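Asker: This one is run_37.txt, compact mmCIF, C-alpha atoms.
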```
# COMPACT_ATOMS: atom_id res chain seq x y z
CA MET A 1313 24.61 -0.36 12.13
CA PRO A 1314 25.70 2.78 10.31
CA PHE A 1315 24.38 6.18 11.29
CA GLY A 1316 23.03 4.81 14.58
CA MET A 1317 20.17 2.89 12.93
CA GLU A 1318 18.69 0.23 15.18
CA LYS A 1319 17.58 -3.16 13.93
CA THR A 1320 13.94 -2.44 14.71
CA LYS A 1321 14.03 0.71 12.59
CA MET A 1322 15.63 -1.22 9.75
CA LYS A 1323 12.99 -3.94 9.98
CA LYS A 1324 10.24 -1.33 9.91
CA LEU A 1325 11.83 0.28 6.85
CA SER A 1326 12.08 -3.13 5.18
CA CYS A 1327 8.41 -3.86 5.86
CA PHE A 1328 7.46 -0.41 4.57
CA ALA A 1329 9.44 -1.02 1.37
CA LEU A 1330 7.71 -4.38 0.91
CA ILE A 1331 4.29 -2.77 1.37
CA LEU A 1332 5.20 -0.13 -1.21
CA GLU A 1333 6.24 -2.83 -3.67
CA ILE A 1334 3.07 -4.87 -3.22
CA SER A 1335 0.74 -1.85 -3.33
CA PRO A 1336 0.22 -1.89 -7.15
CA LEU A 1337 -0.94 -5.51 -6.92
CA ILE A 1338 -3.32 -4.68 -4.10
CA SER A 1339 -4.54 -1.61 -5.99
CA PHE A 1340 -5.23 -3.73 -9.05
CA ALA A 1341 -7.22 -6.28 -7.02
CA VAL A 1342 -9.29 -3.63 -5.22
CA LEU A 1343 -9.86 -1.79 -8.49
CA ALA A 1344 -11.15 -4.98 -10.09
CA LEU A 1345 -13.71 -5.29 -7.30
CA LEU A 1346 -14.75 -1.63 -7.13
CA HIS A 1347 -14.84 -0.80 -10.83
CA PRO A 1348 -14.94 -3.95 -13.00
CA VAL A 1349 -16.29 -2.34 -16.20
CA GLY A 1350 -15.39 0.79 -18.15
CA ASP A 1351 -12.69 3.42 -17.85
CA PRO A 1352 -11.82 4.01 -14.18
CA GLN A 1353 -10.70 7.58 -14.92
CA ASP A 1354 -14.31 8.43 -15.79
CA SER A 1355 -15.51 7.25 -12.39
CA ARG A 1356 -16.95 9.73 -9.88
CA ASN A 1357 -15.21 7.92 -7.04
CA LEU A 1358 -11.84 9.51 -6.19
CA LEU A 1359 -10.56 6.27 -4.66
CA VAL A 1360 -11.15 4.42 -7.94
CA ARG A 1361 -9.21 7.06 -9.88
CA ILE A 1362 -6.30 6.96 -7.43
CA LEU A 1363 -6.19 3.16 -7.54
CA ASP A 1364 -6.29 3.28 -11.32
CA PHE A 1365 -3.40 5.72 -11.42
CA GLN A 1366 -1.36 3.41 -9.18
CA ALA A 1367 -2.25 0.13 -10.88
CA THR A 1368 -3.48 0.13 -14.45
CA TYR A 1369 -3.25 3.65 -15.88
CA TRP A 1370 0.29 3.13 -17.12
CA MET A 1371 -0.53 -0.16 -18.80
CA ARG A 1372 -3.70 0.98 -20.51
CA HIS A 1373 -1.98 3.96 -22.10
CA ALA A 1374 1.24 2.01 -22.86
CA ILE A 1375 3.35 4.54 -20.99
CA PRO A 1376 6.70 2.91 -20.20
CA VAL A 1377 6.83 4.23 -16.61
CA PRO A 1378 6.53 1.68 -13.81
CA PRO A 1379 4.13 2.28 -10.94
CA PRO A 1380 5.77 4.91 -8.71
CA LEU A 1381 5.27 3.10 -5.42
CA LEU A 1382 6.77 -0.11 -6.82
CA ILE A 1383 9.92 1.72 -7.84
CA ALA A 1384 10.11 3.63 -4.54
CA GLY A 1385 9.85 0.38 -2.56
CA LEU A 1386 12.38 -1.37 -4.78
CA LEU A 1387 14.89 1.46 -4.44
CA LEU A 1388 14.44 1.54 -0.67
CA SER A 1389 14.98 -2.23 -0.45
CA VAL A 1390 18.06 -2.07 -2.64
CA VAL A 1391 19.53 0.73 -0.52
CA LEU A 1392 18.84 -1.22 2.67
CA CYS A 1393 20.48 -4.32 1.20
CA TRP A 1394 23.64 -2.92 -0.29
CA ARG A 1395 24.34 0.22 1.65
CA PHE A 1396 23.42 -0.96 5.13
CA ARG A 1397 23.90 -4.73 4.59
CA PHE A 1398 20.57 -5.47 6.22
CA THR A 1399 19.57 -9.07 5.50
CA ALA A 1400 15.82 -8.70 6.06
CA ALA A 1401 15.67 -6.31 3.11
CA TRP A 1402 16.67 -9.12 0.72
CA VAL A 1403 13.05 -10.31 0.72
CA GLY A 1404 11.88 -6.87 -0.39
CA THR A 1405 14.57 -6.69 -3.02
CA VAL A 1406 13.67 -10.07 -4.50
CA VAL A 1407 9.93 -9.33 -4.43
CA GLY A 1408 10.54 -5.91 -6.00
CA ILE A 1409 12.71 -7.34 -8.77
CA VAL A 1410 10.13 -10.05 -9.52
CA LEU A 1411 7.25 -7.55 -9.62
CA PHE A 1412 9.27 -5.12 -11.74
CA GLY A 1413 10.12 -7.98 -14.10
CA LEU A 1414 6.43 -8.90 -14.38
CA TRP A 1415 5.60 -5.27 -15.10
CA CYS A 1416 8.26 -5.23 -17.85
CA LEU A 1417 6.81 -8.42 -19.30
CA ILE A 1418 3.31 -6.94 -19.31
CA MET A 1419 4.56 -3.76 -20.97
CA VAL A 1420 6.12 -5.74 -23.82
CA VAL A 1421 2.66 -6.84 -24.99
CA PRO A 1422 1.44 -3.36 -26.10
CA LEU A 1423 4.75 -2.83 -27.86
CA LEU A 1424 4.39 -6.09 -29.74
CA VAL A 1425 0.79 -5.29 -30.66
CA HIS A 1426 1.80 -1.82 -31.84
CA VAL A 1427 4.71 -3.14 -33.93
CA ASN A 1428 2.63 -5.81 -35.61
```
Would you write the structure of this file as structure tokens?

Answerer:
Amino acid sequence: MPFGMEKTKMKKLSCFALILEISPLISFAVLALLHPVGDPQDSRNLLVRILDFQATYWMRHAIPVPPPLLIAGLLLSVVLCWRFRFTAAWVGTVVGIVLFGLWCLIMVVPLLVHVN
């Protein structure tokens, strides 16, 4: 392992990257349960506003910026895969690419609606 990194540290980093990548999905699910109706940014609950910022804020305002934690987890997984050749990070990379692709697909819809 380069730079004296142990396998357990690399596995922990891989799991952390996977959790970062999945966090927008979890945020969206929790937000749907906590605040099912109305604009979450108008909520008095700080947790609801934070979850909205992580999950749906970008999509509702058609801002072409992916959720920050998804990108952070994807970049960490990619670095672990290609720089350190750590095989357990491939799962995180694949999951991150799939979730980023789904986000891109969802973001195409407001663009199509706006164009038409």

Asker: Show which residues sit within 12 Å of Pro1380 in chain A, as a ChimeraX atom specification. Count only C-alpha atoms, and ignore same-chain residues fewer than 6 positions away.

Answerer: /A:1332-1336,1365-1370,1386-1387,1412

Asker: Contacts of Asp1364 in chain A at 9 Å or less, counting only C-alpha atoms, minus same-chain residues fewer than 6 places along, as a list of chain:residue names?

Answerer: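 Non-adjacent residues within range: A:Ser1339, A:Phe1340, A:Leu1343, A:Pro1352, A:Gln1353, A:Trp1370.
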
Asker: In Å, rounded to a single decimal, give me how far CA of Met1371 in chain A is from CA of Ala1344 in chain A.

Answerer: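 Value for the CA of Ala1344 in chain A-CA of Met1371 in chain A distance: 14.6 Å.
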
Asker: Kindly provide, as lines of an AutoDock Vina configuration file, the centre and edge lengths (Å, one decimal) of an axis-aligned box around all atoms of range 1375-1382 of chain A given in the file, with 4 Å on each side.

Answerer:
```
center_x = 5.1
center_y = 2.4
center_z = -13.2
size_x = 11.5
size_y = 13.0
size_z = 23.6
```

Asker: For Lys1319 in chain A, which of A:His1373, A:Arg1361, A:Arg1356, A:Arg1397 is the closest residue, counting only C-alpha atoms?

Answerer: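 So, comparing all the options, the nearest one is A:Arg1397.
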
Asker: Using Å and a single decimal, report how far CA of Trp1394 in chain A sits from CA of Gly1408 in chain A.

Answerer: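 Distance between the two atoms: 14.6 Å.
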
Asker: For CA of Leu1411 in chain A and CA of Arg1395 in chain A, determine how far apart the two atoms are, in Å to one decimal place.

Answerer: 21.9 Å

Asker: So which residues are close to (8.5, -5.4, -15.9), meaning at most 12 Å away in the file's coordinates with all atoms listed in the file counted, and can you show them as a VMD selection string?

Answerer: chain A and resid 1370 to 1371 1376 to 1379 1382 to 1383 1408 to 1421
